[in-house]
Amino acid sequence: MKRVLKILGILIGLLALGIGGFAAYIALKGIPTYDVNIPPEVASLKVPQDSAYVARGAKIATLLCNECHRGADGKLTGKVLPDIPVEFGTLASYNITQDKVHGIGAWTDGELYYFLRTGVRKDGTYAPPYMPKFPLMADEDIYSIIAWLHSDEPSLAADTRENPPNKPNFLVKFLANMVFKPLPLPEKTITIPDTTDQVAFGRYVADALCACFGCHSADFKTMNELVPEKSEGFYGGGNPMINMERELVPSANITMDKETGIGNWTQQQFYDAVKFGKTPGAGRCIIRCFRIPPLPTRK
Ligand code: HEC
Ligand code: HEC
C-alpha cells in the first residue's frame with residue numbers, strides 16, 4: 001500500500017511539474033509566430049484603387065473595423081480596447097494609418113490580403129484572436145477593405161503614433177497557441193451571392209461578412225470560423241458580452257425560437273434592431289448594419 005502511495009505521489013508530482021513546465025513554456029513563448037507562405041498570385045495582388053471599392057470598403061470598415069481601431073481623435077491609430085471581457089486582460093488595437101513605419105503604409109495589397117484572411121503578418125507574427133480574421137469573406141469585399149486602407153480618407157492619413165501597449169495575459173497566450181490557429185487561404189474565389197437570392201445573401205452577410213454568429217453563439221472559445229454552423233450553440237446566444245449600457249450580459253438568442261429567440265419578431269422589428277438598435281425588449285446590438293454600396297458588375 002505504502003509503495004502504491006509513493007508511486008502515486010511521484011506520478012502526481014511529475015504531472016504537476018509537467019503542467020507547470022507547460023504553463024511556463026506558454027507564458028515565455030507568448031503569441032506564436034508562423035511560417036509565411038504567400039502564394040505568388042496573392043503576393044502580386046494589385047487591388048484597383050477605384051472609388052467604388054473605396055466607398056464599399058469604407059462602409060464595411062464602419063461596420064467591422066473603426067470601433068476597434070479608432071482613437072479618441074477619430075484617427076485609426078489604435079487604442080486600449082475598453083470592452084474586452086476582463087478574463088482576457090489588457091489588449092490594444094494597432095495603428096492602421098498610412099504611416100510607413102507606425103501604420104500599414106508600407107504593406108502591399110498582398111500582405112494585407114494574407115493578413116486579413118489568415119491572421120499572419122509578413123514577418124510571421126500572428127494576430128491574436130481578438131483581431132478578427134475574414135476567411136469566408138468574398139474576395140471583392142476584402143479588396144474593398146484593402147482599397148479603403150490605402151485610400152486618402154482623413155482617418156487613415158499617415159500618423160506617427162506608436163502602437164498602444166498590448167499585454168496579452170496567460171489565457172490569451174494559451175488560446176493563441178492551443179485553440180486559435182492561422183486560418184487557411186480560400187482554395188477558390190469567393191463571390192458575393194446575388195442579392196436577389198435572399199437566403200444565400202443573408203447567410204453571407206450574417207456568417208461571412210459580419211460574423212454575427214461569433215457574438216451570438218455560446219462562446220468565442222468554441223466558435224468555428226471556417227464552418228460557422230459548427231459553432232457551439234450556433235446563434236443560440238449565451239456568450240458573455242458587454243452591452244451598450246456597459247453591463248456584462250449573455251448575448252441574445254437570435255434563432256427563430258418563439259420563446260427564447262426572435263421567432264415572434266416581425267421583419268420590421270428585426271430591421272429596426274440591426275439598423276437602429278431599437279428592439280421590443282432591452283437588447284441593443286453593438287453593431288449596426290448599414291446599406292453597403294454595391295460594386296459595379298465586372299466582366
Ligand atoms: C475587436 C477589435 C478589432 C476589430 C473589430 C478589428 N481589429 Fe484590427 N487589430 C485589432 C488588434 C487588437 C490588433 C493588434 C493585434 C496584435 O496584437 O497582433 C489589430 C491589428 C490589425 C492590423 C495589423 C497592424 C500592424 O501594424 O501589425 C491590421 C492591418 C488591422 N488590424 C486591420 C483591421 C481591419 C481592416 C479591420 C476591419 C475589417 C479590423 N482590423 C478590425 C483589433 C481589431
Ligand atoms: C461584437 C458582438 C456582436 C456582433 C458581431 C453582433 N451582435 Fe447582435 N448583439 C450583441 C449584443 C451585446 C447585444 C445586446 C445584448 C444582447 O441582447 O445580446 C446584441 C443584440 C442583438 C439583437 C437583439 C436581441 C434581443 O433579443 O433584443 C439582435 C436581433 C441582434 N443582436 C442581431 C445581430 C445580427 C443580425 C448580427 C450580425 C449582422 C449581430 N447581431 C452581430 C453583440 C453582437
# chains A, B, ... in the order shown; residues from 1 in each chain; ligands from 1
$ residues_around --residues "Ile142 of chain A" --least-positions-apart "3" --cutoff "12 Å" --atoms "only C-alpha atoms" --output "MDAnalysis selection string"
chainID A and resid 45 47:48 53:54 56:58 60:61 64 109:110 112:117 133:139 145:149 189:192 208:209
$ closest_atom_pairs --of "chain A" --to "ligand 1" --cutoff "8 Å" --atoms "only C-alpha atoms and all ligand atoms" --output "tab-separated table"
residue	atom	partner	partner_atom_place_in_ligand_line	distance
A:Ile60	CA	ligand 1	38 (C)	7.0
A:Ala61	CA	ligand 1	37 (C)	5.3
A:Leu63	CA	ligand 1	37 (C)	7.9
A:Leu64	CA	ligand 1	37 (C)	4.6
A:Cys65	CA	ligand 1	37 (C)	3.4
A:Asn66	CA	ligand 1	41 (C)	7.0
A:Glu67	CA	ligand 1	5 (C)	6.6
A:Cys68	CA	ligand 1	2 (C)	4.4
A:His69	CA	ligand 1	7 (N)	6.1
A:Gly78	CA	ligand 1	10 (C)	7.8
A:Leu81	CA	ligand 1	2 (C)	7.3
A:Leu91	CA	ligand 1	12 (C)	6.1
A:Ala92	CA	ligand 1	12 (C)	4.8
A:Ser93	CA	ligand 1	11 (C)	3.5
A:Tyr94	CA	ligand 1	14 (C)	5.1
A:Asn95	CA	ligand 1	26 (O)	6.0
A:Ile96	CA	ligand 1	24 (C)	5.6
A:His102	CA	ligand 1	26 (O)	6.8
A:Gly103	CA	ligand 1	26 (O)	5.5
A:Ile104	CA	ligand 1	26 (O)	5.8
A:Leu112	CA	ligand 1	29 (C)	6.3
A:Phe115	CA	ligand 1	29 (C)	7.1
A:Leu116	CA	ligand 1	35 (C)	7.0
A:Arg121	CA	ligand 1	27 (O)	6.9
A:Thr125	CA	ligand 1	18 (O)	7.2
A:Tyr126	CA	ligand 1	18 (O)	6.1
A:Ala127	CA	ligand 1	18 (O)	3.7
A:Pro128	CA	ligand 1	16 (C)	5.7
A:Tyr130	CA	ligand 1	1 (C)	5.1
A:Met131	CA	ligand 1	42 (C)	4.0
A:Pro132	CA	ligand 1	6 (C)	5.8
A:Phe134	CA	ligand 1	38 (C)	7.8
A:Ile145	CA	ligand 1	35 (C)	6.1
A:Ile146	CA	ligand 1	35 (C)	7.3
A:Leu149	CA	ligand 1	35 (C)	6.9
A:Asn163	CA	ligand 1	26 (O)	7.6
A:Asn166	CA	ligand 1	17 (O)	6.1
A:Pro168	CA	ligand 1	17 (O)	8.0
$ select_by_dssp --residues "segment 148-204 of chain A" --states "helix (DSSP H, G or I)" --output "PyMOL selection string"
chain A and resi 148-149+154-156+170-179+198-204
$ write_last_selection --atoms "N, CA, C and O atoms" --output "tab-separated table (two decimals), in the first residue's frame"
chain	number	residue	atom	x	y	z
A	148	TRP	N	-9.77	50.69	-49.36
A	148	TRP	CA	-10.06	51.71	-48.36
A	148	TRP	C	-8.84	51.98	-47.47
A	148	TRP	O	-8.49	53.13	-47.20
A	149	LEU	N	-8.16	50.90	-47.02
A	149	LEU	CA	-6.98	51.07	-46.15
A	149	LEU	C	-5.91	51.92	-46.83
A	149	LEU	O	-5.21	52.67	-46.17
A	154	PRO	N	-9.33	60.85	-44.46
A	154	PRO	CA	-8.62	61.56	-43.38
A	154	PRO	C	-8.31	60.69	-42.15
A	154	PRO	O	-7.24	60.83	-41.56
A	155	SER	N	-9.23	59.79	-41.77
A	155	SER	CA	-8.98	58.98	-40.56
A	155	SER	C	-7.78	58.05	-40.75
A	155	SER	O	-7.25	57.50	-39.78
A	156	LEU	N	-7.36	57.86	-42.02
A	156	LEU	CA	-6.25	56.94	-42.30
A	156	LEU	C	-4.97	57.67	-42.71
A	156	LEU	O	-3.96	57.03	-43.02
A	170	PHE	N	-2.12	35.27	-19.73
A	170	PHE	CA	-1.87	33.85	-19.96
A	170	PHE	C	-2.98	33.20	-20.79
A	170	PHE	O	-2.70	32.43	-21.70
A	171	LEU	N	-4.24	33.56	-20.49
A	171	LEU	CA	-5.36	32.93	-21.22
A	171	LEU	C	-5.25	33.24	-22.72
A	171	LEU	O	-5.42	32.36	-23.56
A	172	VAL	N	-4.95	34.50	-23.05
A	172	VAL	CA	-4.84	34.89	-24.46
A	172	VAL	C	-3.68	34.14	-25.13
A	172	VAL	O	-3.81	33.61	-26.22
A	173	LYS	N	-2.56	34.05	-24.41
A	173	LYS	CA	-1.41	33.32	-24.96
A	173	LYS	C	-1.77	31.84	-25.15
A	173	LYS	O	-1.42	31.23	-26.16
A	174	PHE	N	-2.46	31.30	-24.16
A	174	PHE	CA	-2.86	29.90	-24.25
A	174	PHE	C	-3.78	29.69	-25.46
A	174	PHE	O	-3.55	28.80	-26.29
A	175	LEU	N	-4.80	30.55	-25.58
A	175	LEU	CA	-5.74	30.41	-26.70
A	175	LEU	C	-5.02	30.57	-28.04
A	175	LEU	O	-5.29	29.84	-28.99
A	176	ALA	N	-4.09	31.54	-28.10
A	176	ALA	CA	-3.39	31.81	-29.36
A	176	ALA	C	-2.43	30.67	-29.73
A	176	ALA	O	-2.09	30.50	-30.89
A	177	ASN	N	-2.00	29.89	-28.73
A	177	ASN	CA	-1.11	28.76	-29.02
A	177	ASN	C	-1.89	27.47	-29.27
A	177	ASN	O	-1.49	26.66	-30.10
A	178	MET	N	-2.96	27.28	-28.49
A	178	MET	CA	-3.60	25.96	-28.47
A	178	MET	C	-4.95	25.90	-29.18
A	178	MET	O	-5.34	24.85	-29.65
A	179	VAL	N	-5.69	26.99	-29.22
A	179	VAL	CA	-7.06	26.91	-29.74
A	179	VAL	C	-7.18	27.56	-31.12
A	179	VAL	O	-7.64	26.95	-32.06
A	198	GLN	N	-32.30	35.86	-51.43
A	198	GLN	CA	-32.27	36.44	-50.09
A	198	GLN	C	-31.63	35.54	-49.02
A	198	GLN	O	-30.95	36.03	-48.14
A	199	VAL	N	-31.88	34.22	-49.15
A	199	VAL	CA	-31.33	33.34	-48.12
A	199	VAL	C	-29.81	33.26	-48.25
A	199	VAL	O	-29.09	33.45	-47.27
A	200	ALA	N	-29.34	33.05	-49.48
A	200	ALA	CA	-27.88	32.95	-49.68
A	200	ALA	C	-27.21	34.27	-49.33
A	200	ALA	O	-26.16	34.30	-48.67
A	201	PHE	N	-27.82	35.37	-49.74
A	201	PHE	CA	-27.22	36.67	-49.47
A	201	PHE	C	-27.22	36.95	-47.96
A	201	PHE	O	-26.24	37.41	-47.39
A	202	GLY	N	-28.34	36.64	-47.31
A	202	GLY	CA	-28.45	36.85	-45.86
A	202	GLY	C	-27.43	36.02	-45.10
A	202	GLY	O	-26.79	36.50	-44.16
A	203	ARG	N	-27.26	34.76	-45.55
A	203	ARG	CA	-26.28	33.91	-44.88
A	203	ARG	C	-24.88	34.51	-45.05
A	203	ARG	O	-24.08	34.53	-44.11
A	204	TYR	N	-24.61	35.02	-46.24
A	204	TYR	CA	-23.30	35.63	-46.49
A	204	TYR	C	-23.08	36.82	-45.54
A	204	TYR	O	-22.04	36.92	-44.88
$ closest_residue --among "A:Pro39, A:Pro240, A:Gly71, A:Gly105" --to "Ser151 of chain A" --atoms "only C-alpha atoms"
A:Gly105
$ residues_around --residues "Gly261 of chain A" --least-positions-apart "4" --cutoff "9 Å" --atoms "only C-alpha atoms" --output "compact mmCIF listing (two decimals) with C-alpha atoms, in the first residue's frame"
# COMPACT_ATOMS: atom_id res chain seq x y z
CA GLY A 236 -28.41 30.48 -29.55
CA GLY A 237 -26.57 33.19 -27.57
CA ALA A 252 -29.09 37.17 -27.06
CA ASN A 253 -30.50 34.07 -28.66
CA ILE A 254 -31.38 35.23 -32.18
CA THR A 255 -32.61 31.90 -33.51
CA MET A 256 -36.22 31.65 -34.67
CA ASP A 257 -37.32 30.01 -31.43
$ closest_residue --among "A:Gly13, A:Gly20, A:Pro184, A:Gly214" --to "Thr118 of chain A" --atoms "only C-alpha atoms"
A:Pro184
